[in-house]
Structures are given as C-alpha cells and as structure tokens.
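Visitor: Coordinates in work-v6.pdb, PDB, C-alpha atoms, are listed below.
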```pdb
MODEL        1
ATOM      1  CA  MET T   1     110.910  64.876   5.859
ATOM      2  CA  LEU T   2     108.243  62.234   5.271
ATOM      3  CA  GLU T   3     107.772  60.187   2.115
ATOM      4  CA  LEU T   4     104.031  59.971   1.458
ATOM      5  CA  ARG T   5     101.805  58.299  -1.132
ATOM      6  CA  VAL T   6      98.451  59.546  -2.395
ATOM      7  CA  ALA T   7      95.911  56.923  -1.329
ATOM      8  CA  ALA T   8      92.761  58.712  -2.493
ATOM      9  CA  VAL T   9      91.519  62.001  -3.909
ATOM     10  CA  ALA T  10      88.111  63.644  -3.644
ATOM     11  CA  THR T  11      86.374  66.920  -4.523
ATOM     12  CA  PRO T  12      84.319  68.035  -1.485
ATOM     13  CA  CYS T  13      83.188  71.185  -3.303
ATOM     14  CA  PRO T  14      84.052  73.054  -6.517
ATOM     15  CA  GLY T  15      87.648  74.264  -6.553
ATOM     16  CA  VAL T  16      88.808  72.157  -3.598
ATOM     17  CA  ARG T  17      90.680  68.852  -3.823
ATOM     18  CA  SER T  18      91.045  66.611  -0.761
ATOM     19  CA  LEU T  19      94.022  64.274  -0.562
ATOM     20  CA  THR T  20      94.345  61.190   1.629
ATOM     21  CA  LEU T  21      98.038  60.449   2.215
ATOM     22  CA  THR T  22      99.723  57.381   3.675
ATOM     23  CA  GLY T  23     103.308  56.649   4.679
ATOM     24  CA  ASP T  24     105.529  53.596   4.541
ATOM     25  CA  GLY T  25     104.993  53.141   8.269
ATOM     26  CA  PRO T  26     103.369  54.820  11.270
ATOM     27  CA  LEU T  27     102.772  58.544  10.854
ATOM     28  CA  PRO T  28     103.631  61.131  13.535
ATOM     29  CA  SER T  29     100.746  62.293  15.701
ATOM     30  CA  TYR T  30      99.615  65.902  15.628
ATOM     31  CA  PRO T  31      97.596  68.357  17.741
ATOM     32  CA  PRO T  32      94.371  69.971  16.471
ATOM     33  CA  GLY T  33      95.145  72.854  14.121
ATOM     34  CA  ALA T  34      98.432  71.323  12.921
ATOM     35  CA  ASN T  35      99.639  71.508   9.340
ATOM     36  CA  ILE T  36     102.193  69.840   7.097
ATOM     37  CA  GLY T  37     104.241  71.218   4.238
ATOM     38  CA  LEU T  38     103.800  69.417   0.900
ATOM     39  CA  GLU T  39     106.596  69.651  -1.665
ATOM     40  CA  TRP T  40     105.033  70.458  -5.042
ATOM     41  CA  ALA T  41     108.320  71.232  -6.835
ATOM     42  CA  PRO T  42     111.973  70.763  -5.838
ATOM     43  CA  GLY T  43     112.544  73.006  -2.831
ATOM     44  CA  ARG T  44     109.038  74.518  -3.004
ATOM     45  CA  MET T  45     106.433  73.748  -0.364
ATOM     46  CA  ASN T  46     102.958  74.873   0.618
ATOM     47  CA  THR T  47     101.442  74.248   4.052
ATOM     48  CA  TYR T  48      98.018  72.675   4.553
ATOM     49  CA  SER T  49      96.010  71.953   7.680
ATOM     50  CA  LEU T  50      95.423  68.347   8.677
ATOM     51  CA  THR T  51      91.801  67.253   8.962
ATOM     52  CA  PRO T  52      90.762  64.099  10.838
ATOM     53  CA  SER T  53      88.191  61.606   9.671
ATOM     54  CA  PRO T  54      84.768  62.740  10.935
ATOM     55  CA  ASP T  55      83.520  59.147  10.677
ATOM     56  CA  ARG T  56      85.860  57.691  13.322
ATOM     57  CA  ARG T  57      84.635  59.219  16.553
ATOM     58  CA  ASP T  58      86.111  56.314  18.522
ATOM     59  CA  LEU T  59      89.671  57.523  17.791
ATOM     60  CA  VAL T  60      91.457  60.379  19.548
ATOM     61  CA  PRO T  61      91.796  62.968  16.734
ATOM     62  CA  GLY T  62      95.399  63.278  15.555
ATOM     63  CA  LEU T  63      96.773  60.498  17.779
ATOM     64  CA  ASP T  64      98.581  57.673  15.935
ATOM     65  CA  PRO T  65      96.979  58.488  12.571
ATOM     66  CA  GLU T  66      96.915  55.868   9.831
ATOM     67  CA  VAL T  67      96.580  58.570   7.159
ATOM     68  CA  TYR T  68      96.921  62.314   6.742
ATOM     69  CA  ARG T  69      94.108  64.273   5.109
ATOM     70  CA  VAL T  70      94.464  67.748   3.598
ATOM     71  CA  SER T  71      92.217  69.916   1.427
ATOM     72  CA  VAL T  72      93.726  72.186  -1.210
ATOM     73  CA  ALA T  73      91.875  75.184  -2.650
ATOM     74  CA  LEU T  74      92.795  75.844  -6.282
ATOM     75  CA  ARG T  75      94.550  79.210  -6.797
ATOM     76  CA  PRO T  76      94.782  79.685 -10.574
ATOM     77  CA  ASP T  77      96.775  82.902 -10.147
ATOM     78  CA  GLY T  78      99.181  81.434  -7.572
ATOM     79  CA  ALA T  79     102.750  80.222  -7.960
ATOM     80  CA  GLY T  80     101.630  76.764  -9.069
ATOM     81  CA  GLY T  81     101.507  74.778  -5.840
ATOM     82  CA  SER T  82      97.753  74.272  -5.733
ATOM     83  CA  ARG T  83      97.649  73.391  -9.443
ATOM     84  CA  ALA T  84     100.362  70.754  -8.938
ATOM     85  CA  LEU T  85      98.589  69.202  -5.974
ATOM     86  CA  HIS T  86      95.235  69.202  -7.782
ATOM     87  CA  ALA T  87      96.892  67.148 -10.527
ATOM     88  CA  LEU T  88      97.941  64.349  -8.161
ATOM     89  CA  ALA T  89      96.360  60.923  -8.566
ATOM     90  CA  PRO T  90      96.246  57.820  -6.358
ATOM     91  CA  GLY T  91      99.643  56.164  -6.292
ATOM     92  CA  ASP T  92     101.631  59.380  -6.742
ATOM     93  CA  ARG T  93     104.326  60.047  -4.166
ATOM     94  CA  LEU T  94     105.470  63.316  -2.593
ATOM     95  CA  ARG T  95     107.548  64.579   0.292
ATOM     96  CA  ALA T  96     106.146  66.341   3.337
ATOM     97  CA  THR T  97     107.304  67.889   6.573
ATOM     98  CA  THR T  98     106.309  66.453   9.911
ATOM     99  CA  PRO T  99     103.252  68.134  11.496
ATOM    100  CA  ARG T 100     103.628  71.453  13.291
ATOM    101  CA  SER T 101     101.103  73.802  14.863
ATOM    102  CA  SER T 102     100.825  77.428  15.914
ATOM    103  CA  PHE T 103      97.020  77.179  16.216
ATOM    104  CA  PRO T 104      96.231  74.649  18.964
ATOM    105  CA  PRO T 105      93.206  74.795  21.269
ATOM    106  CA  VAL T 106      93.781  76.208  24.754
ATOM    107  CA  GLN T 107      93.240  73.247  27.040
ATOM    108  CA  THR T 108      92.204  75.372  30.039
ATOM    109  CA  ALA T 109      89.496  77.325  28.178
ATOM    110  CA  ALA T 110      85.970  77.091  29.545
ATOM    111  CA  HIS T 111      84.431  77.445  26.081
ATOM    112  CA  HIS T 112      85.716  77.643  22.486
ATOM    113  CA  VAL T 113      84.256  79.962  19.821
ATOM    114  CA  LEU T 114      85.459  78.742  16.420
ATOM    115  CA  VAL T 115      85.072  80.941  13.338
ATOM    116  CA  ALA T 116      85.900  79.644   9.850
ATOM    117  CA  GLY T 117      85.807  81.299   6.454
ATOM    118  CA  GLY T 118      86.007  79.283   3.227
ATOM    119  CA  ILE T 119      88.946  76.856   3.182
ATOM    120  CA  GLY T 120      89.750  78.105   6.692
ATOM    121  CA  VAL T 121      87.346  75.399   7.830
ATOM    122  CA  THR T 122      90.156  72.810   7.676
ATOM    123  CA  PRO T 123      91.953  73.506  10.998
ATOM    124  CA  VAL T 124      88.622  74.360  12.622
ATOM    125  CA  LEU T 125      87.341  70.897  11.673
ATOM    126  CA  ALA T 126      90.282  69.382  13.558
ATOM    127  CA  HIS T 127      89.427  71.505  16.612
ATOM    128  CA  VAL T 128      85.789  70.438  16.435
ATOM    129  CA  ALA T 129      86.702  66.742  16.228
ATOM    130  CA  TRP T 130      88.937  67.172  19.278
ATOM    131  CA  HIS T 131      86.310  68.996  21.338
ATOM    132  CA  ALA T 132      83.573  66.558  20.323
ATOM    133  CA  PHE T 133      85.728  63.593  21.378
ATOM    134  CA  TRP T 134      86.597  65.048  24.783
ATOM    135  CA  GLY T 135      83.196  66.601  25.449
ATOM    136  CA  ASN T 136      84.465  70.184  25.581
ATOM    137  CA  SER T 137      82.172  73.205  25.331
ATOM    138  CA  PHE T 138      82.349  74.814  21.871
ATOM    139  CA  GLU T 139      80.410  76.471  19.065
ATOM    140  CA  VAL T 140      81.243  77.023  15.399
ATOM    141  CA  LEU T 141      80.466  79.929  13.087
ATOM    142  CA  LEU T 142      80.987  79.095   9.412
ATOM    143  CA  VAL T 143      81.103  81.977   6.955
ATOM    144  CA  ALA T 144      80.456  80.456   3.543
ATOM    145  CA  ARG T 145      77.752  79.745   1.013
ATOM    146  CA  PRO T 146      76.558  76.225   1.890
ATOM    147  CA  ALA T 147      76.702  75.004  -1.709
ATOM    148  CA  VAL T 148      80.440  75.732  -1.987
ATOM    149  CA  ALA T 149      81.586  75.308   1.625
ATOM    150  CA  PRO T 150      84.262  72.602   1.939
ATOM    151  CA  HIS T 151      83.622  70.051   4.691
ATOM    152  CA  ALA T 152      80.294  71.652   5.627
ATOM    153  CA  GLU T 153      78.698  68.200   5.966
ATOM    154  CA  ASP T 154      81.598  66.982   8.105
ATOM    155  CA  LEU T 155      81.264  70.009  10.370
ATOM    156  CA  CYS T 156      77.519  69.491  10.690
ATOM    157  CA  ARG T 157      78.004  65.811  11.539
ATOM    158  CA  LEU T 158      80.484  66.621  14.309
ATOM    159  CA  ALA T 159      79.064  69.876  15.682
ATOM    160  CA  GLY T 160      75.323  69.311  15.256
ATOM    161  CA  ASP T 161      73.304  72.207  16.619
ATOM    162  CA  ARG T 162      76.488  73.928  17.799
ATOM    163  CA  LEU T 163      77.136  74.977  14.176
ATOM    164  CA  ALA T 164      75.751  78.259  12.800
ATOM    165  CA  THR T 165      76.269  79.191   9.148
ATOM    166  CA  ALA T 166      76.276  82.682   7.643
ATOM    167  CA  PRO T 167      76.355  83.301   3.872
ATOM    168  CA  ASP T 168      78.527  86.415   4.188
ATOM    169  CA  ARG T 169      80.437  88.528   6.691
ATOM    170  CA  THR T 170      77.500  90.872   7.292
ATOM    171  CA  ALA T 171      75.247  88.002   8.356
ATOM    172  CA  MET T 172      78.075  86.566  10.434
ATOM    173  CA  ARG T 173      78.462  89.777  12.454
ATOM    174  CA  ALA T 174      75.233  89.280  14.410
ATOM    175  CA  LEU T 175      76.119  85.639  15.159
ATOM    176  CA  LEU T 176      79.617  86.649  16.222
ATOM    177  CA  GLU T 177      78.484  89.461  18.511
ATOM    178  CA  ARG T 178      76.022  87.136  20.243
ATOM    179  CA  ALA T 179      78.654  84.419  20.677
ATOM    180  CA  LEU T 180      81.266  86.794  22.079
ATOM    181  CA  ARG T 181      78.893  88.558  24.484
ATOM    182  CA  THR T 182      77.290  85.386  25.852
ATOM    183  CA  ALA T 183      80.394  83.199  26.137
ATOM    184  CA  PRO T 184      81.351  82.267  29.719
ATOM    185  CA  TRP T 185      84.400  83.684  31.460
ATOM    186  CA  ASN T 186      87.727  82.261  30.233
ATOM    187  CA  SER T 187      86.403  81.467  26.754
ATOM    188  CA  HIS T 188      88.770  81.585  23.790
ATOM    189  CA  ALA T 189      88.040  82.478  20.153
ATOM    190  CA  TYR T 190      89.791  81.001  17.122
ATOM    191  CA  THR T 191      89.533  82.240  13.546
ATOM    192  CA  CYS T 192      90.868  80.758  10.326
ATOM    193  CA  GLY T 193      90.173  82.435   7.009
ATOM    194  CA  PRO T 194      91.045  85.535   4.988
ATOM    195  CA  PRO T 195      92.652  88.539   6.724
ATOM    196  CA  GLY T 196      89.419  90.563   6.591
ATOM    197  CA  LEU T 197      87.529  87.951   8.577
ATOM    198  CA  ILE T 198      90.308  87.672  11.138
ATOM    199  CA  ALA T 199      90.370  91.457  11.575
ATOM    200  CA  GLU T 200      86.580  91.520  11.977
ATOM    201  CA  VAL T 201      86.663  88.918  14.751
ATOM    202  CA  ALA T 202      89.479  90.782  16.542
ATOM    203  CA  VAL T 203      87.551  94.076  16.416
ATOM    204  CA  ARG T 204      84.300  92.519  17.648
ATOM    205  CA  ALA T 205      86.156  90.697  20.429
ATOM    206  CA  ARG T 206      87.713  93.921  21.700
ATOM    207  CA  GLU T 207      84.316  95.621  21.581
ATOM    208  CA  ALA T 208      83.006  92.769  23.743
ATOM    209  CA  HIS T 209      85.912  93.397  26.178
ATOM    210  CA  TRP T 210      87.893  90.277  25.327
ATOM    211  CA  VAL T 211      91.641  90.517  25.962
ATOM    212  CA  ASP T 212      93.889  89.819  22.981
ATOM    213  CA  ALA T 213      95.404  86.774  24.687
ATOM    214  CA  ARG T 214      92.057  84.964  24.306
ATOM    215  CA  VAL T 215      91.755  85.655  20.551
ATOM    216  CA  HIS T 216      93.700  83.359  18.213
ATOM    217  CA  ALA T 217      93.989  83.274  14.422
ATOM    218  CA  GLU T 218      95.440  81.260  11.559
ATOM    219  CA  PRO T 219      95.301  83.327   8.353
ATOM    220  CA  PHE T 220      95.192  82.250   4.755
ATOM    221  CA  VAL T 221      96.940  85.131   3.049
ATOM    222  CA  ALA T 222      97.699  86.193  -0.499
ATOM    223  CA  ALA T 223     101.206  86.772  -1.765
ATOM    224  CA  ALA T 224     102.907  89.809  -0.274
ATOM    225  CA  PRO T 225     102.839  92.912  -2.492
ATOM    226  CA  PRO T 226     106.095  94.329  -3.903
ATOM    227  CA  GLY T 227     108.040  96.994  -2.024
ATOM    228  CA  GLU T 228     111.068  99.224  -2.285
ATOM    229  CA  PRO T 229     114.424  97.614  -3.195
ATOM    230  CA  PHE T 230     116.964  97.294  -0.401
ATOM    231  CA  THR T 231     120.204  95.566   0.560
ATOM    232  CA  ALA T 232     120.534  92.649   2.964
ATOM    233  CA  VAL T 233     123.877  92.534   4.777
ATOM    234  CA  LEU T 234     124.854  89.063   6.019
ATOM    235  CA  ARG T 235     126.604  89.615   9.321
ATOM    236  CA  ARG T 236     128.627  86.386   9.452
ATOM    237  CA  THR T 237     130.326  86.926   6.093
ATOM    238  CA  GLY T 238     129.854  90.617   5.363
ATOM    239  CA  ARG T 239     128.234  89.734   2.043
ATOM    240  CA  GLN T 240     125.670  92.145   0.619
ATOM    241  CA  VAL T 241     122.626  90.870  -1.293
ATOM    242  CA  ALA T 242     120.474  93.206  -3.379
ATOM    243  CA  VAL T 243     116.732  92.579  -3.001
ATOM    244  CA  GLY T 244     114.594  93.819  -5.879
ATOM    245  CA  ALA T 245     111.230  95.529  -5.549
ATOM    246  CA  GLY T 246     109.364  92.517  -6.902
ATOM    247  CA  GLU T 247     111.171  89.734  -5.032
ATOM    248  CA  SER T 248     111.182  88.648  -1.419
ATOM    249  CA  LEU T 249     114.248  88.659   0.784
ATOM    250  CA  LEU T 250     114.047  84.869   0.941
ATOM    251  CA  ASP T 251     113.949  84.602  -2.862
ATOM    252  CA  ALA T 252     116.941  86.952  -3.147
ATOM    253  CA  LEU T 253     118.977  84.824  -0.741
ATOM    254  CA  GLU T 254     118.098  81.669  -2.668
ATOM    255  CA  ARG T 255     118.983  83.375  -5.950
ATOM    256  CA  VAL T 256     122.576  83.949  -4.796
ATOM    257  CA  GLY T 257     122.929  80.534  -3.169
ATOM    258  CA  VAL T 258     122.634  81.540   0.500
ATOM    259  CA  PRO T 259     120.864  78.777   2.476
ATOM    260  CA  ALA T 260     118.022  79.962   4.685
ATOM    261  CA  PRO T 261     115.173  78.138   6.448
ATOM    262  CA  ARG T 262     111.857  78.219   4.596
ATOM    263  CA  LEU T 263     108.460  76.564   4.404
ATOM    264  CA  CYS T 264     105.177  78.443   3.884
ATOM    265  CA  ARG T 265     106.552  81.565   2.118
ATOM    266  CA  ARG T 266     103.505  83.501   3.385
ATOM    267  CA  GLY T 267     104.636  84.688   6.809
ATOM    268  CA  VAL T 268     102.382  82.336   8.764
ATOM    269  CA  CYS T 269     104.563  79.409   9.897
ATOM    270  CA  GLY T 270     107.648  81.054  11.433
ATOM    271  CA  GLU T 271     110.146  78.665   9.834
ATOM    272  CA  CYS T 272     112.197  81.441   8.174
ATOM    273  CA  VAL T 273     112.269  83.821  11.157
ATOM    274  CA  THR T 274     115.815  85.203  11.478
ATOM    275  CA  THR T 275     117.572  87.479  13.945
ATOM    276  CA  VAL T 276     118.020  91.100  12.811
ATOM    277  CA  ALA T 277     121.362  92.595  13.893
ATOM    278  CA  ALA T 278     120.718  96.125  12.616
ATOM    279  CA  GLY T 279     118.228  98.120  10.577
ATOM    280  CA  ARG T 280     114.498  98.773  10.638
ATOM    281  CA  VAL T 281     112.014  96.202   9.347
ATOM    282  CA  GLU T 282     108.663  96.489   7.580
ATOM    283  CA  HIS T 283     106.963  93.503   9.175
ATOM    284  CA  ARG T 284     104.398  91.686   7.041
ATOM    285  CA  ASP T 285     104.153  88.358   8.855
ATOM    286  CA  THR T 286     101.350  87.123  11.110
ATOM    287  CA  VAL T 287     103.438  84.889  13.382
ATOM    288  CA  LEU T 288     105.689  87.226  15.426
ATOM    289  CA  ASP T 289     104.440  89.235  18.382
ATOM    290  CA  ASP T 290     105.535  92.812  19.109
ATOM    291  CA  ASP T 291     108.399  91.788  21.376
ATOM    292  CA  GLU T 292     109.774  89.285  18.861
ATOM    293  CA  ARG T 293     109.650  91.902  16.112
ATOM    294  CA  GLU T 294     112.182  94.016  18.016
ATOM    295  CA  ASP T 295     115.044  91.837  16.719
ATOM    296  CA  GLN T 296     113.563  89.256  14.323
ATOM    297  CA  MET T 297     111.924  89.148  10.901
ATOM    298  CA  ALA T 298     110.262  86.648   8.571
ATOM    299  CA  LEU T 299     112.457  86.454   5.472
ATOM    300  CA  CYS T 300     109.636  85.309   3.190
ATOM    301  CA  VAL T 301     107.403  88.394   3.431
ATOM    302  CA  SER T 302     108.996  91.164   5.513
ATOM    303  CA  ARG T 303     111.328  93.784   4.084
ATOM    304  CA  ALA T 304     113.765  96.461   5.195
ATOM    305  CA  ALA T 305     112.071  99.725   6.180
ATOM    306  CA  GLY T 306     115.094 101.628   4.862
ATOM    307  CA  GLU T 307     117.985 101.094   2.489
ATOM    308  CA  SER T 308     119.389  98.025   4.268
ATOM    309  CA  VAL T 309     118.936  95.464   6.998
ATOM    310  CA  GLU T 310     121.670  93.367   8.647
ATOM    311  CA  LEU T 311     120.876  89.716   9.350
ATOM    312  CA  ASP T 312     122.485  87.079  11.538
ATOM    313  CA  LEU T 313     123.248  84.888   8.532
TER
ENDMDL
END
```
Represent the structure from my file as structure tokens, please.
Guide:
Amino acid sequence: MLELRVAAVATPCPGVRSLTLTGDGPLPSYPPGANIGLEWAPGRMNTYSLTPSPDRRDLVPGLDPEVYRVSVALRPDGAGGSRALHALAPGDRLRATTPRSSFPPVQTAAHHVLVAGGIGVTPVLAHVAWHAFWGNSFEVLLVARPAVAPHAEDLCRLAGDRLATAPDRTAMRALLERALRTAPWNSHAYTCGPPGLIAEVAVRAREAHWVDARVHAEPFVAAAPPGEPFTAVLRRTGRQVAVGAGESLLDALERVGVPAPRLCRRGVCGECVTTVAAGRVEHRDTVLDDDEREDQMALCVSRAAGESVELDL
C-alpha cells in the first residue's frame, strides 16, 4: 500500500473531479492503461485509471512519475466511494494500491484504434500519451458530448487530427466501421466505457473480420444485480456460508470474518479470483477468459449457478 497526499483538485467537466496525488518519496512507474485502488473507507477501495500530464511531452508517460493523476466521476447512487473522493481537498491523505494493469497497449501492433466513452477516456488518454511519445500509429474515437467530455482538450492536444468525436453511439458507428475496415493488418482495438459501447465495438470488429485476440476492453460497470441465495462451502475448513440474494459472495465472506482478496468489487480487476473446487458458477466478471472460468470465479460479482459452490478457501 502507498500513503498518498492530495496535492491539487480540479473539475475538468461537470460531475468529474480530478485529483493530483503525491507520495512521501518516488512513486512506482506504471504502463499505459494502469489503475490504482484508492481507499475511501476502511477496507473499501475503488479503482481509477492513471492519466499522465498532457503538458509534459518530454517525459516517458508513466515512467518515474512525480505525481499520480486520477479522475473520478460522481455516482450519487453508488456505495459512497465517488462521493468521498469528491470531498477530498488539498492536504488530505489516503491510502492506495500500487499500479496494476490489465489494459496495456500491444507493443507489436501496427496500428491502434482507441475508443472511449465518457469517463472511459482516462485509460485511453494514457495510451494516447504513450503512442504520441513513441511515434506509434493510432487514432481515437471519443463518444461523448464535447461540453461534458472529461479530458477532451487533453486528448485533442495529444492526438490532434487523429481524434474523431461523436455525440452518441449512433454517430460513432460510422466512424468505427470506417476505422475497423481501413486499419492495416495487425491492428488492435481498445475500448473503455460502458458495457453497451464495449459490446458494440466487439460486434463491429467481428463484422469487419477482426479476431477476438485483437479486440481489448476495460469496462466501467454498474453494481451487479441481485441473484438467488446460495451456500458457499469453504473447502479448507468445511465451513458453510449462506449468501443472500442481495449480497455478493465477497460481502458474505467478509460478514462472517473470512479473509478474502478484494479490490474493485466490480469484476474488472481480478484481485478476488478464487479457485472453484466444485459446483457451477454464474460468471458476471469481465476479467476471466473461458478457460479460466472452468475452475475459477470472481468473488465480488459472480454467484453459484445452483444451491452451492465449493471454494478453495
């Protein structure tokens, strides 16, 4: 864990607060698309993508950073994390995880098609800064209304005429189809935004005969809906934990004092992935592939697909 201090706050657009964070010493480097977890209450963390400074083009993005920058969209109906972080002021201190990434650029790609929706612009901005520094081939499609698009000016400054903006998903479709059908061989596409946008890009990519391995995504997802109650059997002790319809498996384990890894609580980081010894799983995460889902599950969002599931805990 890192001990950080809020150095500055800003409001790049309505409903979004940007935080500049410093440490007591050098901060760990990070790859484009990386995120950190910020502790907003004891034991509760939300993950946020790191964005580099668009004004320092002489620095390798993410290498030996002096500060961390994150942007937090306010979710009034959320659990309280965004509200707590929006209330921070310069001088406040908070704990954070070290950077981690499941959304890096593919270094061998001939061209990069970057698609961002709303606050999903944050990891895309880090990709753009990286590609601009190294002179890589890329283009950016931003799906947002310009007046309320966070970091739109930063994107424009870095990407220049390689940035195309669409006010909605319908307008984006024509831009996306052109980009996918004209991209050179061995191009890769990256999407960050709501699940609907990610699904749209995946469908259009398949229609343009892209293989799935060249389509990457980092979703911003809402809380998982409730499900049927079930029982979690802990293989190492034989203990049985009842999981209610309105609580997650991770919350149920915490309620009875069983330690389990955790971070994002949205099924996107992979921190809470645990081996399944027996039972069928209703997978709701976006981090595991089909092979991994044969014997693993994300405790924070996935549930048993029957009356019980046995875990290697």
Visitor: Give me the result of the PyMOL selection byres ((chain T and resi 245) around 7) on this file, residue by residue, as a PDB file with C-alpha atoms, in the coordinates of the input.
Guide:
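The result, written out as selection_28.pdb:
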```pdb
ATOM      1  CA  PRO T 226     106.095  94.329  -3.903  1.00  0.00           C
ATOM      2  CA  GLY T 227     108.040  96.994  -2.024  1.00  0.00           C
ATOM      3  CA  GLU T 228     111.068  99.224  -2.285  1.00  0.00           C
ATOM      4  CA  PRO T 229     114.424  97.614  -3.195  1.00  0.00           C
ATOM      5  CA  VAL T 243     116.732  92.579  -3.001  1.00  0.00           C
ATOM      6  CA  GLY T 244     114.594  93.819  -5.879  1.00  0.00           C
ATOM      7  CA  GLY T 246     109.364  92.517  -6.902  1.00  0.00           C
ATOM      8  CA  GLU T 247     111.171  89.734  -5.032  1.00  0.00           C
TER       9      GLU T 247
END
```
Visitor: So which residues touch T:Arg83 within 10 Å, counting all atoms listed in the file, skipping near sequence neighbours fewer than 4 positions away, as an MDAnalysis selection string?
Guide: chainID T and resid 40 72:79 87:88
Visitor: Could you write out that same residue set with C-alpha atoms as a CSV table (one decimal), in the coordinates of the input?
Guide:
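Written out: again_9.csv:
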```csv
chain,number,residue,atom,x,y,z
T,40,TRP,CA,105.0,70.5,-5.0
T,72,VAL,CA,93.7,72.2,-1.2
T,73,ALA,CA,91.9,75.2,-2.6
T,74,LEU,CA,92.8,75.8,-6.3
T,75,ARG,CA,94.6,79.2,-6.8
T,76,PRO,CA,94.8,79.7,-10.6
T,77,ASP,CA,96.8,82.9,-10.1
T,78,GLY,CA,99.2,81.4,-7.6
T,79,ALA,CA,102.8,80.2,-8.0
T,87,ALA,CA,96.9,67.1,-10.5
T,88,LEU,CA,97.9,64.3,-8.2
```
Visitor: Can you turn the PyMOL selection byres ((chain T and resi 118) around 10) into a concrete residue list for this file, as an mmCIF file with C-alpha atoms, in the coordinates of the input?
Guide:
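What ended up in selection-v5.cif:
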```cif
data_model
loop_
_atom_site.group_PDB
_atom_site.id
_atom_site.type_symbol
_atom_site.label_atom_id
_atom_site.label_comp_id
_atom_site.auth_asym_id
_atom_site.auth_seq_id
_atom_site.Cartn_x
_atom_site.Cartn_y
_atom_site.Cartn_z
ATOM 1 C CA ALA T 73 91.875 75.184 -2.650
ATOM 2 C CA ALA T 116 85.900 79.644 9.850
ATOM 3 C CA GLY T 117 85.807 81.299 6.454
ATOM 4 C CA ILE T 119 88.946 76.856 3.182
ATOM 5 C CA GLY T 120 89.750 78.105 6.692
ATOM 6 C CA VAL T 121 87.346 75.399 7.830
ATOM 7 C CA THR T 122 90.156 72.810 7.676
ATOM 8 C CA LEU T 142 80.987 79.095 9.412
ATOM 9 C CA VAL T 143 81.103 81.977 6.955
ATOM 10 C CA ALA T 144 80.456 80.456 3.543
ATOM 11 C CA ARG T 145 77.752 79.745 1.013
ATOM 12 C CA VAL T 148 80.440 75.732 -1.987
ATOM 13 C CA ALA T 149 81.586 75.308 1.625
ATOM 14 C CA PRO T 150 84.262 72.602 1.939
ATOM 15 C CA HIS T 151 83.622 70.051 4.691
ATOM 16 C CA ALA T 152 80.294 71.652 5.627
ATOM 17 C CA CYS T 192 90.868 80.758 10.326
ATOM 18 C CA GLY T 193 90.173 82.435 7.009
ATOM 19 C CA PRO T 194 91.045 85.535 4.988
ATOM 20 C CA PHE T 220 95.192 82.250 4.755
#
```
Visitor: If you measure from atom CA of T:Leu180 to atom CA of T:Glu207, what distance in Å do you get, rounded to one decimal?
Guide: 9.4 Å
Visitor: Starting from the shown file, work through the PyMOL selection byres ((chain T and resi 18) around 7) and note down what comes out as a PyMOL selection string.
Guide: chain T and resi 9-12+16-17+19-20+70-72
Visitor: Restricting it to C-alpha atoms, dump the selection as a PDB file, in the frame of the given file.
Guide:
```
ATOM      1  CA  VAL T   9      91.519  62.001  -3.909  1.00  0.00           C
ATOM      2  CA  ALA T  10      88.111  63.644  -3.644  1.00  0.00           C
ATOM      3  CA  THR T  11      86.374  66.920  -4.523  1.00  0.00           C
ATOM      4  CA  PRO T  12      84.319  68.035  -1.485  1.00  0.00           C
ATOM      5  CA  VAL T  16      88.808  72.157  -3.598  1.00  0.00           C
ATOM      6  CA  ARG T  17      90.680  68.852  -3.823  1.00  0.00           C
ATOM      7  CA  LEU T  19      94.022  64.274  -0.562  1.00  0.00           C
ATOM      8  CA  THR T  20      94.345  61.190   1.629  1.00  0.00           C
ATOM      9  CA  VAL T  70      94.464  67.748   3.598  1.00  0.00           C
ATOM     10  CA  SER T  71      92.217  69.916   1.427  1.00  0.00           C
ATOM     11  CA  VAL T  72      93.726  72.186  -1.210  1.00  0.00           C
TER      12      VAL T  72
END
```
Visitor: Any chance you could turn stretch 61-71 of chain T into a file with N, CA, C and O atoms, as a short mmCIF file (atom, residue, chain, number, x, y, z; two decimals), in the first residue's frame?
Guide:
```cif
data_model
loop_
_atom_site.label_atom_id
_atom_site.label_comp_id
_atom_site.auth_asym_id
_atom_site.auth_seq_id
_atom_site.Cartn_x
_atom_site.Cartn_y
_atom_site.Cartn_z
N PRO T 61 5.66 8.65 -20.68
CA PRO T 61 4.45 8.53 -19.87
C PRO T 61 4.51 7.34 -18.92
O PRO T 61 4.82 6.22 -19.33
N GLY T 62 4.26 7.60 -17.63
CA GLY T 62 4.20 6.54 -16.64
C GLY T 62 5.53 6.13 -16.05
O GLY T 62 5.55 5.34 -15.10
N LEU T 63 6.64 6.61 -16.58
CA LEU T 63 7.97 6.21 -16.10
C LEU T 63 8.46 7.21 -15.05
O LEU T 63 8.55 8.40 -15.31
N ASP T 64 8.77 6.72 -13.85
CA ASP T 64 9.26 7.55 -12.75
C ASP T 64 8.37 8.77 -12.53
O ASP T 64 8.83 9.92 -12.55
N PRO T 65 7.09 8.56 -12.29
CA PRO T 65 6.19 9.72 -12.13
C PRO T 65 6.42 10.46 -10.82
O PRO T 65 6.73 9.86 -9.79
N GLU T 66 6.30 11.78 -10.87
CA GLU T 66 6.38 12.60 -9.67
C GLU T 66 5.03 12.64 -8.96
O GLU T 66 4.97 12.85 -7.74
N VAL T 67 3.95 12.48 -9.73
CA VAL T 67 2.60 12.50 -9.15
C VAL T 67 1.76 11.44 -9.86
O VAL T 67 2.10 10.97 -10.95
N TYR T 68 0.66 11.08 -9.23
CA TYR T 68 -0.38 10.28 -9.86
C TYR T 68 -1.58 11.19 -10.10
O TYR T 68 -1.90 12.04 -9.26
N ARG T 69 -2.24 11.00 -11.23
CA ARG T 69 -3.45 11.76 -11.54
C ARG T 69 -4.58 10.78 -11.83
O ARG T 69 -4.41 9.84 -12.61
N VAL T 70 -5.73 11.01 -11.21
CA VAL T 70 -6.92 10.20 -11.48
C VAL T 70 -8.11 11.15 -11.64
O VAL T 70 -8.10 12.27 -11.13
N SER T 71 -9.13 10.68 -12.35
CA SER T 71 -10.38 11.44 -12.49
C SER T 71 -11.52 10.56 -12.01
O SER T 71 -11.63 9.40 -12.42
#
```
